[in-house]
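Next comes model.csv, with CSV, C-alpha atoms.
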chain,number,residue,atom,x,y,z
D,14,MET,CA,39.1,-2.8,-11.5
D,15,ALA,CA,40.3,-3.6,-15.0
D,16,THR,CA,40.4,-7.2,-16.3
D,17,LEU,CA,42.2,-8.4,-19.4
D,18,SER,CA,40.5,-11.4,-21.0
D,19,PHE,CA,39.0,-12.4,-24.3
D,20,ASN,CA,35.3,-12.5,-24.8
D,21,PRO,CA,34.4,-16.0,-26.1
D,22,THR,CA,31.1,-14.8,-27.5
D,23,ARG,CA,32.9,-12.5,-29.9
D,24,LEU,CA,36.0,-14.5,-30.7
D,25,ARG,CA,35.8,-17.9,-32.3
D,26,ARG,CA,37.3,-20.9,-30.4
D,27,PRO,CA,39.4,-19.1,-27.8
D,28,THR,CA,40.4,-20.4,-24.4
D,29,VAL,CA,40.9,-17.5,-22.0
D,30,LYS,CA,43.4,-16.8,-19.3
D,31,SER,CA,42.4,-13.6,-17.5
D,32,GLN,CA,44.3,-11.1,-15.4
D,33,ASN,CA,43.0,-8.6,-12.9
D,34,PRO,CA,45.2,-5.5,-12.9
D,35,SER,CA,43.9,-2.7,-10.7
D,36,LEU,CA,44.3,1.0,-10.7
D,37,ASN,CA,44.6,2.5,-7.3
D,38,SER,CA,45.4,6.2,-8.0
D,39,THR,CA,43.9,9.6,-8.0
D,40,TYR,CA,44.7,12.5,-10.2
D,41,SER,CA,43.8,16.2,-10.5
D,42,LYS,CA,43.2,17.9,-13.8
D,43,LYS,CA,46.2,20.1,-13.8
D,44,SER,CA,49.2,20.7,-16.0
D,45,ILE,CA,52.4,18.9,-15.2
D,46,ASN,CA,54.0,21.9,-13.6
D,47,LYS,CA,51.3,21.6,-10.8
D,48,LEU,CA,50.9,19.0,-8.2
D,49,PHE,CA,50.0,15.6,-9.6
D,50,THR,CA,49.1,13.1,-6.9
D,51,ALA,CA,49.2,9.3,-7.3
D,52,SER,CA,49.2,6.4,-5.0
D,53,LYS,CA,52.5,4.5,-4.6
D,54,THR,CA,50.6,1.2,-4.8
D,55,LEU,CA,50.0,1.3,-8.5
D,56,SER,CA,50.1,-2.3,-9.8
D,57,ASN,CA,51.5,-3.3,-13.2
D,58,ALA,CA,49.3,-5.5,-15.3
D,59,ARG,CA,51.0,-8.6,-16.6
D,60,LYS,CA,50.4,-9.5,-20.2
D,61,ASN,CA,47.5,-11.7,-20.9
D,62,HIS,CA,48.2,-14.9,-22.8
D,63,ILE,CA,45.4,-15.7,-25.2
D,64,LYS,CA,44.7,-19.2,-26.3
D,65,TRP,CA,43.2,-19.8,-29.7
D,66,HIS,CA,42.3,-23.2,-31.1
D,67,SER,CA,43.6,-23.5,-34.7
D,68,ILE,CA,41.1,-24.3,-37.5
D,69,ARG,CA,42.9,-26.9,-39.6
D,70,CYS,CA,42.1,-26.6,-43.3
D,71,ASN,CA,45.0,-26.8,-45.6
D,72,SER,CA,48.2,-28.7,-44.7
D,73,LEU,CA,51.5,-27.1,-45.2
D,74,SER,CA,52.9,-28.1,-48.6
D,75,GLU,CA,55.9,-30.3,-48.3
D,76,SER,CA,57.1,-29.1,-51.7
D,77,SER,CA,57.4,-25.5,-50.6
D,78,VAL,CA,58.1,-25.5,-46.9
D,79,SER,CA,58.7,-28.7,-45.0
D,80,SER,CA,59.8,-29.6,-41.5
D,81,PRO,CA,63.5,-30.5,-41.1
D,82,THR,CA,62.6,-33.5,-39.0
D,83,ASN,CA,60.0,-36.2,-39.1
D,84,THR,CA,58.6,-35.4,-35.7
D,85,GLU,CA,55.2,-37.0,-35.3
D,86,ILE,CA,52.3,-34.7,-34.4
D,87,ASN,CA,50.0,-35.9,-31.7
D,88,GLU,CA,46.6,-36.4,-33.4
D,89,GLU,CA,44.8,-35.1,-30.4
D,90,GLU,CA,46.5,-31.7,-30.7
D,91,ASP,CA,46.2,-29.1,-33.4
D,92,ASP,CA,48.8,-29.5,-36.1
D,93,PRO,CA,51.2,-26.6,-35.9
D,94,THR,CA,52.1,-27.1,-39.6
D,95,ALA,CA,48.5,-26.6,-40.7
D,96,GLU,CA,47.1,-23.5,-42.3
D,97,LEU,CA,43.9,-21.6,-41.5
D,98,SER,CA,41.1,-20.5,-43.8
D,99,TYR,CA,38.1,-19.4,-41.8
D,100,LEU,CA,35.1,-17.1,-42.1
D,101,ASP,CA,32.6,-16.9,-39.3
D,102,PRO,CA,29.4,-18.3,-40.8
D,103,GLU,CA,27.3,-15.8,-38.9
D,104,THR,CA,29.1,-12.9,-40.4
D,105,ASP,CA,27.9,-11.1,-43.6
D,106,PRO,CA,30.8,-11.3,-46.0
D,107,GLU,CA,29.8,-7.9,-47.4
D,108,SER,CA,30.3,-6.3,-44.0
D,109,ILE,CA,34.1,-6.9,-43.9
D,110,SER,CA,35.7,-3.9,-45.6
D,111,GLU,CA,39.0,-3.8,-43.8
D,112,TRP,CA,41.7,-6.4,-43.2
D,113,GLU,CA,44.8,-6.5,-41.0
D,114,LEU,CA,47.8,-8.2,-42.6
D,115,ASP,CA,51.3,-9.4,-41.6
D,116,PHE,CA,53.7,-10.9,-44.1
D,117,CYS,CA,57.0,-11.8,-42.4
D,118,SER,CA,59.4,-14.6,-41.6
D,119,ARG,CA,58.8,-16.9,-38.6
D,120,PRO,CA,61.3,-18.6,-36.2
D,121,ILE,CA,60.9,-21.8,-38.2
D,122,LEU,CA,63.3,-23.4,-40.6
D,123,ASP,CA,62.3,-25.5,-43.7
D,124,ILE,CA,64.1,-28.5,-45.1
D,125,ARG,CA,66.7,-26.2,-46.8
D,126,GLY,CA,67.5,-24.6,-43.4
D,127,LYS,CA,65.9,-21.3,-44.5
D,128,LYS,CA,63.4,-19.3,-42.5
D,129,VAL,CA,59.8,-19.9,-43.3
D,130,TRP,CA,57.6,-16.9,-44.1
D,131,GLU,CA,53.9,-16.6,-43.3
D,132,LEU,CA,51.0,-14.5,-44.4
D,133,VAL,CA,48.5,-13.8,-41.5
D,134,VAL,CA,45.3,-12.0,-42.3
D,135,CYS,CA,42.3,-11.2,-40.2
D,136,ASP,CA,39.6,-8.5,-39.8
D,137,SER,CA,39.4,-6.4,-36.6
D,138,SER,CA,36.6,-8.7,-35.3
D,139,LEU,CA,38.5,-11.9,-36.1
D,140,SER,CA,35.5,-13.1,-38.1
D,141,LEU,CA,38.0,-13.7,-40.9
D,142,GLN,CA,41.1,-15.6,-40.1
D,143,TYR,CA,43.7,-16.8,-42.7
D,144,THR,CA,47.3,-18.1,-42.6
D,145,LYS,CA,49.6,-19.4,-45.3
D,146,TYR,CA,53.3,-20.4,-45.2
D,147,PHE,CA,55.7,-19.5,-47.9
D,148,PRO,CA,59.4,-20.3,-48.7
D,149,ASN,CA,61.7,-17.4,-48.5
D,150,ASN,CA,62.5,-17.4,-52.3
D,151,VAL,CA,59.0,-16.2,-53.4
D,152,ILE,CA,58.6,-13.1,-51.2
D,153,ASN,CA,57.5,-10.3,-53.5
D,154,SER,CA,54.5,-8.3,-54.4
D,155,ILE,CA,53.3,-10.8,-57.1
D,156,THR,CA,53.1,-13.6,-54.5
D,157,LEU,CA,51.2,-11.3,-52.2
D,158,ILE,CA,48.8,-10.2,-54.9
D,159,LYS,CA,47.9,-13.8,-55.7
D,160,ALA,CA,47.6,-14.6,-52.0
D,161,ILE,CA,45.2,-11.7,-51.2
D,162,ALA,CA,43.1,-12.6,-54.3
D,163,SER,CA,43.0,-16.3,-53.2
D,164,ILE,CA,41.6,-15.3,-49.8
D,165,SER,CA,38.7,-13.5,-51.4
D,166,GLU,CA,38.0,-16.5,-53.7
D,167,GLU,CA,38.4,-19.2,-51.0
D,168,LEU,CA,36.3,-17.5,-48.4
D,169,GLY,CA,33.8,-15.8,-50.7
D,170,VAL,CA,34.4,-12.3,-49.5
D,171,ARG,CA,35.1,-9.2,-51.6
D,172,LEU,CA,38.5,-7.6,-51.6
D,173,PRO,CA,38.7,-5.1,-48.8
D,174,GLU,CA,38.6,-1.4,-49.2
D,175,ARG,CA,41.6,-1.0,-46.8
D,176,ILE,CA,44.4,-3.2,-45.5
D,177,ARG,CA,46.3,-2.2,-42.3
D,178,PHE,CA,49.8,-3.4,-41.6
D,179,PHE,CA,52.4,-2.6,-39.0
D,180,ARG,CA,55.9,-3.5,-40.4
D,181,SER,CA,57.7,-0.6,-42.1
D,182,GLN,CA,60.2,-3.0,-43.7
D,183,MET,CA,57.3,-4.6,-45.7
D,184,GLN,CA,55.7,-1.3,-46.7
D,185,ILE,CA,56.9,-1.3,-50.4
D,186,ILE,CA,55.8,-4.9,-51.1
D,187,ILE,CA,52.4,-4.5,-49.3
D,188,THR,CA,51.7,-1.1,-50.7
D,189,LYS,CA,52.5,-2.2,-54.3
D,190,ALA,CA,50.3,-5.3,-53.9
D,191,CYS,CA,47.4,-3.3,-52.5
D,192,ARG,CA,47.5,-0.7,-55.2
D,193,GLU,CA,47.5,-3.3,-57.9
D,194,LEU,CA,44.3,-4.7,-56.4
D,195,GLY,CA,42.7,-1.3,-55.9
D,196,ILE,CA,43.0,-1.5,-52.1
D,197,LYS,CA,44.1,1.4,-49.9
D,198,PRO,CA,47.2,0.4,-47.8
D,199,ILE,CA,47.2,1.9,-44.3
D,200,PRO,CA,50.5,1.7,-42.4
D,201,SER,CA,49.4,1.6,-38.8
D,202,LYS,CA,50.2,0.0,-35.5
D,203,ARG,CA,46.4,0.1,-34.7
D,204,CYS,CA,46.3,-3.6,-35.8
D,205,LEU,CA,45.5,-4.7,-32.3
D,206,SER,CA,43.6,-7.9,-33.2
D,207,LEU,CA,46.4,-9.0,-35.5
D,208,MET,CA,49.2,-8.3,-32.9
D,209,LEU,CA,47.4,-10.2,-30.2
D,210,TRP,CA,46.8,-13.1,-32.5
D,211,LEU,CA,50.5,-13.2,-33.5
D,212,GLU,CA,51.5,-13.3,-29.8
D,213,GLU,CA,49.1,-16.2,-29.3
D,214,ARG,CA,50.4,-18.1,-32.4
D,215,TYR,CA,54.0,-17.8,-31.1
D,216,GLU,CA,53.0,-19.6,-28.0
D,217,THR,CA,50.6,-22.2,-29.4
D,218,VAL,CA,51.8,-22.7,-33.0
D,219,TYR,CA,55.3,-21.6,-33.8
D,220,THR,CA,57.0,-23.0,-30.6
D,221,ARG,CA,55.3,-26.4,-31.3
D,222,HIS,CA,56.3,-26.5,-35.0
D,223,PRO,CA,59.0,-29.2,-35.6
D,224,GLY,CA,61.2,-26.6,-37.4
D,225,PHE,CA,61.0,-24.0,-34.5
D,226,GLN,CA,64.3,-22.3,-33.7
D,227,LYS,CA,64.4,-21.3,-30.0
D,228,GLY,CA,66.1,-17.9,-29.4
D,229,SER,CA,65.6,-16.8,-33.0
D,230,LYS,CA,65.2,-13.0,-33.2
D,231,PRO,CA,62.6,-11.5,-35.5
D,232,LEU,CA,64.0,-10.8,-38.9
D,233,LEU,CA,61.9,-7.6,-39.3
D,234,ALA,CA,61.8,-6.1,-35.8
D,235,LEU,CA,59.4,-3.2,-35.2
D,236,ASP,CA,61.0,0.2,-35.5
D,237,ASN,CA,61.5,2.5,-32.4
D,238,PRO,CA,62.8,5.6,-34.2
D,239,PHE,CA,64.3,8.6,-32.6
D,240,PRO,CA,61.5,11.2,-32.0
D,241,MET,CA,61.2,14.1,-34.4
D,242,GLU,CA,60.1,17.7,-33.9
D,243,LEU,CA,56.3,18.1,-34.0
D,244,PRO,CA,54.9,19.6,-37.3
D,245,GLU,CA,53.6,23.1,-36.7
D,246,ASN,CA,50.0,22.2,-37.6
D,247,LEU,CA,49.9,19.7,-34.7
D,248,PHE,CA,50.8,22.1,-31.9
D,249,GLY,CA,48.5,22.6,-29.0
D,250,GLU,CA,48.6,25.6,-26.6
D,251,LYS,CA,48.1,23.9,-23.3
D,252,TRP,CA,48.1,20.3,-22.0
D,253,ALA,CA,47.4,18.4,-18.8
D,254,PHE,CA,47.6,14.9,-17.4
D,255,VAL,CA,44.0,14.0,-16.7
D,256,GLN,CA,41.8,11.0,-15.6
D,257,LEU,CA,38.3,9.9,-16.5
D,258,PRO,CA,36.1,7.2,-15.0
D,259,PHE,CA,35.7,4.4,-17.5
D,260,SER,CA,32.0,5.3,-17.7
D,261,ALA,CA,32.9,8.7,-19.0
D,262,VAL,CA,35.4,7.3,-21.4
D,263,LYS,CA,32.6,5.1,-22.9
D,264,GLU,CA,30.4,8.3,-23.3
D,265,GLU,CA,33.2,10.0,-25.2
D,266,VAL,CA,33.6,7.0,-27.5
D,267,ASN,CA,29.9,6.9,-28.1
D,268,SER,CA,30.0,10.6,-29.0
D,269,LEU,CA,32.3,9.7,-31.9
D,270,ARG,CA,29.3,8.1,-33.6
D,271,THR,CA,26.5,10.4,-32.4
D,272,ARG,CA,28.3,13.8,-32.7
D,273,PHE,CA,30.6,12.8,-35.5
D,274,ASN,CA,33.6,14.0,-33.6
D,275,PHE,CA,37.2,13.4,-34.7
D,276,GLY,CA,39.0,10.5,-33.1
D,277,ALA,CA,39.1,6.7,-32.9
D,278,ALA,CA,37.6,4.0,-30.6
D,279,LEU,CA,38.6,0.5,-29.6
D,280,ASP,CA,36.2,-2.5,-29.4
D,281,LEU,CA,37.0,-3.3,-25.8
D,282,ASP,CA,34.5,-6.1,-25.7
D,283,LEU,CA,36.2,-7.8,-28.6
D,284,LEU,CA,39.7,-7.2,-27.2
D,285,GLY,CA,38.5,-8.6,-23.9
D,286,ILE,CA,39.4,-5.6,-21.8
D,287,GLU,CA,36.8,-5.6,-19.1
D,288,VAL,CA,36.9,-2.4,-17.0
D,289,ASP,CA,34.7,-1.4,-14.1
D,290,ASP,CA,32.8,1.9,-14.8
D,291,LYS,CA,34.5,3.5,-11.7
D,292,THR,CA,38.0,2.7,-12.9
D,293,LEU,CA,40.1,5.8,-13.6
D,294,ILE,CA,41.6,5.8,-17.0
D,295,PRO,CA,44.7,8.0,-17.5
D,296,GLY,CA,44.8,10.4,-20.4
D,297,LEU,CA,46.2,13.5,-21.9
D,298,ALA,CA,44.1,16.6,-22.6
D,299,VAL,CA,45.3,19.1,-25.2
D,300,ALA,CA,43.7,22.6,-25.5
D,301,SER,CA,43.8,24.8,-28.6
D,302,SER,CA,42.0,27.9,-29.9
D,303,ARG,CA,42.0,26.0,-33.2
D,304,ALA,CA,40.9,22.7,-31.7
D,305,ILE,CA,38.7,21.6,-34.7
D,306,SER,CA,41.6,22.1,-37.1
D,307,LEU,CA,44.0,20.4,-34.8
D,308,ALA,CA,41.7,17.4,-34.3
D,309,ALA,CA,41.2,17.2,-38.1
D,310,TRP,CA,44.9,17.0,-38.7
D,311,MET,CA,45.3,14.4,-35.9
D,312,ASN,CA,42.5,12.3,-37.4
D,313,GLY,CA,44.7,11.4,-40.4
D,314,LEU,CA,47.7,10.3,-38.4
D,315,GLU,CA,46.7,6.8,-37.2
D,316,VAL,CA,47.4,7.8,-33.6
D,317,TYR,CA,48.7,4.8,-31.6
D,318,SER,CA,49.9,6.0,-28.2
D,319,VAL,CA,51.2,8.7,-25.9
D,320,GLU,CA,54.2,8.1,-23.8
D,321,ALA,CA,55.9,10.1,-21.0
D,322,ASP,CA,59.6,10.0,-21.6
D,323,VAL,CA,61.0,10.7,-18.2
D,324,ALA,CA,64.7,10.7,-19.3
D,325,ARG,CA,64.1,13.4,-22.0
D,326,ALA,CA,61.4,15.3,-20.0
D,327,CYS,CA,58.9,15.2,-22.8
D,328,LEU,CA,55.8,13.5,-24.1
D,329,LEU,CA,56.1,11.3,-27.2
D,330,LEU,CA,53.3,10.8,-29.7
D,331,SER,CA,53.4,7.6,-31.8
D,332,VAL,CA,51.6,7.6,-35.1
D,333,GLY,CA,51.5,5.3,-38.1
D,334,ILE,CA,54.0,2.5,-38.0
D,335,SER,CA,57.4,4.2,-37.5
D,336,THR,CA,56.9,7.9,-36.6
D,337,ARG,CA,57.3,9.4,-33.1
D,338,TYR,CA,57.0,13.1,-32.4
D,339,ILE,CA,58.1,15.1,-29.4
D,340,TYR,CA,54.5,16.2,-28.5
D,341,ALA,CA,55.3,18.4,-25.5
D,342,THR,CA,58.2,19.2,-23.2
D,343,TYR,CA,58.4,20.2,-19.6
D,344,LYS,CA,61.1,21.5,-17.1
D,345,LYS,CA,62.7,18.5,-15.5
D,346,THR,CA,62.4,18.6,-11.7
D,347,PRO,CA,61.9,15.9,-9.0
D,348,VAL,CA,58.2,16.9,-8.9
D,349,THR,CA,57.6,16.7,-12.7
D,350,THR,CA,59.6,13.5,-13.0
D,351,SER,CA,57.4,11.9,-10.3
D,352,GLU,CA,54.2,13.1,-12.1
D,353,ALA,CA,55.3,11.7,-15.4
D,354,GLU,CA,56.3,8.4,-13.8
D,355,ALA,CA,53.0,8.2,-12.0
D,356,TRP,CA,51.1,8.7,-15.2
D,357,GLU,CA,53.0,6.0,-17.0
D,358,ALA,CA,52.5,3.6,-14.1
D,359,ALA,CA,48.8,4.3,-14.2
D,360,LYS,CA,48.7,3.5,-17.9
D,361,LYS,CA,50.5,0.2,-17.3
D,362,SER,CA,48.1,-0.7,-14.5
D,363,CYS,CA,45.3,-0.3,-17.0
D,364,GLY,CA,47.0,-2.7,-19.3
D,365,GLY,CA,48.2,0.1,-21.6
D,366,LEU,CA,44.7,1.7,-22.0
D,367,HIS,CA,44.8,5.5,-22.1
D,368,PHE,CA,43.3,8.3,-24.2
D,369,LEU,CA,44.1,11.6,-26.0
D,370,ALA,CA,41.5,14.4,-25.9
D,371,ILE,CA,41.5,17.6,-27.8
D,372,GLN,CA,39.5,20.6,-26.4
D,373,GLU,CA,39.0,24.3,-27.0
D,374,ASP,CA,39.7,24.8,-23.2
D,375,LEU,CA,41.1,22.5,-20.5
D,376,ASP,CA,38.2,23.5,-18.2
D,377,SER,CA,35.6,22.5,-20.9
D,378,GLU,CA,33.6,19.3,-20.5
D,379,ASP,CA,33.3,18.9,-24.3
D,380,THR,CA,35.9,17.5,-26.6
D,381,VAL,CA,36.3,17.9,-30.4
D,382,GLY,CA,38.6,15.0,-30.7
D,383,PHE,CA,38.9,11.8,-28.7
D,384,TRP,CA,41.3,8.8,-29.3
D,385,LEU,CA,41.0,5.7,-27.1
D,386,LEU,CA,44.5,4.1,-27.2
D,387,LEU,CA,46.0,0.8,-26.2
D,388,ASP,CA,49.8,0.7,-25.9
D,389,LEU,CA,50.8,-3.0,-26.5
D,390,PRO,CA,54.3,-4.4,-26.5
D,391,PRO,CA,55.3,-5.7,-30.0
D,392,PRO,CA,54.6,-9.3,-30.9
D,393,PRO,CA,57.5,-11.8,-30.4
D,394,VAL,CA,57.7,-12.4,-34.2
structure tokens encoding of this file:
Amino acid sequence: MATLSFNPTRLRRPTVKSQNPSLNSTYSKKSINKLFTASKTLSNARKNHIKWHSIRCNSLSESSVSSPTNTEINEEEDDPTAELSYLDPETDPESISEWELDFCSRPILDIRGKKVWELVVCDSSLSLQYTKYFPNNVINSITLIKAIASISEELGVRLPERIRFFRSQMQIIITKACRELGIKPIPSKRCLSLMLWLEERYETVYTRHPGFQKGSKPLLALDNPFPMELPENLFGEKWAFVQLPFSAVKEEVNSLRTRFNFGAALDLDLLGIEVDDKTLIPGLAVASSRAISLAAWMNGLEVYSVEADVARACLLLSVGISTRYIYATYKKTPVTTSEAEAWEAAKKSCGGLHFLAIQEDLDSEDTVGFWLLLDLPPPPV
């Protein structure tokens, strides 16, 4: 049984609504051209709505971005026009070396009838949380440089070594700002804490803002590019749809630290994904005689998800922020289509949780690379 909910002991001031998606399926560790069995009772997990309580610090400046109406805010509620500037007092500021950042317009109009922009910054543990509104006529790298520096000064934290971001349209501005400050920019959709926070802010902040524009589409929607051919250095020799009990998945994740394997983990406790040890997590195993080299190349790609594309009879590998590769293909038959559909359904029933494992042989119990992945829908802003 998998449960999606936020852990209140790790996240500051959340109110949690949990879901209980279940995975009722069985798999055999075989390639897709062999029999793949799965229960027809796979359940789809509904998205969890996370409730955060805003920390009011700085009010939105009327001179820069103001509400188009004089709507009165209930004093008992959090002010949706307020800005956040928060650092968990129990966190060592020196321990925060990586931020997640979004700089984009919101479905809110100012007194000029122009869309408001917002900078949202956090770390992966949400010990650091910062938001600031901007008018649309100051959106450039200079503004962002000043804003990033002000976060460091206001909260008493050092500038991060790395900043992750997930919007390709803002890559030039964010990259330029980061490099001016000596920060490594990392374009990556593995900004899961940030994405979940933006989803929550849409429900509890933006929709309550007096300038909210219902039905407004995101100005900078996430890319879903046409998949490209896989680079030769990323080719594996064999692959298989597989499953692992969650207890075994945790062992693989722990091995990333103890055996210094290639790969990436997720903080499931922080993200609030509670999974029973017996729950079967779907994954993809890839075998290669050059497994170590393959895993090393994959390690630099910011792997985000693996998707079974039934229409094109292939597997898609999403990396970075706007790159998709045709990772593998198979002969399209009713059997292989059913297998691919069952794998995707199993992934959805686990709330998008799945994994990619690289091995020297599919029958081996050891991996040289292991990526725990969470395929989330894009935030509504």
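Take atom CA of Ile294 of chain D and atom CA of Ala359 of chain D: the distance between them is 7.9 Å.
Across the model, the gap from atom CA of Ser331 of chain D to atom CA of Ser318 of chain D is 5.3 Å.
We find atom CA of Glu111 of chain D and atom CA of Ala261 of chain D to be spaced 28.4 Å apart.
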* Which one of D:Leu386, D:Val323, D:Leu194, D:Ile176 sits closest to Pro295 of chain D if you count only C-alpha atoms? -> D:Leu386
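A cut-off of 10 Å from the point (54.9, -12.1, -32.3), with all atoms listed in the file, picks out the residues Arg119, Pro120, Leu207, Met208, Leu209, Trp210, Leu211, Glu212, Glu213, Arg214, Tyr215, Glu216, Tyr219, Pro231, Ala234, Pro390, Pro391, Pro392, Pro393 and Val394 of chain D.
Residues lying within 8 Å of segment 198-201 of chain D, counting all atoms listed in the file and ignoring same-chain neighbours fewer than 5 positions away, are D:Arg175, D:Ile176, D:Arg177, D:Phe178, D:Phe179, D:Arg180, D:Ser181, D:Gln184, D:Ile187, D:Thr188, D:Cys191, D:Arg192, D:Glu315, D:Tyr317, D:Val332, D:Gly333, D:Ile334.
Compared by their closest atoms to Pro238 of chain D, and using all atoms listed in the file, the residues D:Arg203, D:Lys127, D:Arg270, D:Arg337 rank with D:Arg337 nearest.
Residues within 12 Å of Glu166 of chain D, counting all atoms listed in the file and excluding same-chain residues fewer than 5 positions away, are D:Ser98, D:Leu100, D:Pro106, D:Lys159, D:Ala160, D:Ile161, D:Arg171, D:Leu172.
Using all atoms listed in the file for every distance, the candidate list D:Asp374, D:Glu113, D:Glu167, D:Glu96 yields D:Asp374 as the residue closest to Trp252 of chain D.
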* To do: List every protein, DNA or RNA residue with an atom no more than 8 Å from (46.3, 15.5, -20.6) in the file's coordinates, counting all atoms listed in the file, and format the result as an MDAnalysis selection string.
  => chainID D and resid 42 44 252:255 296:299 369:370
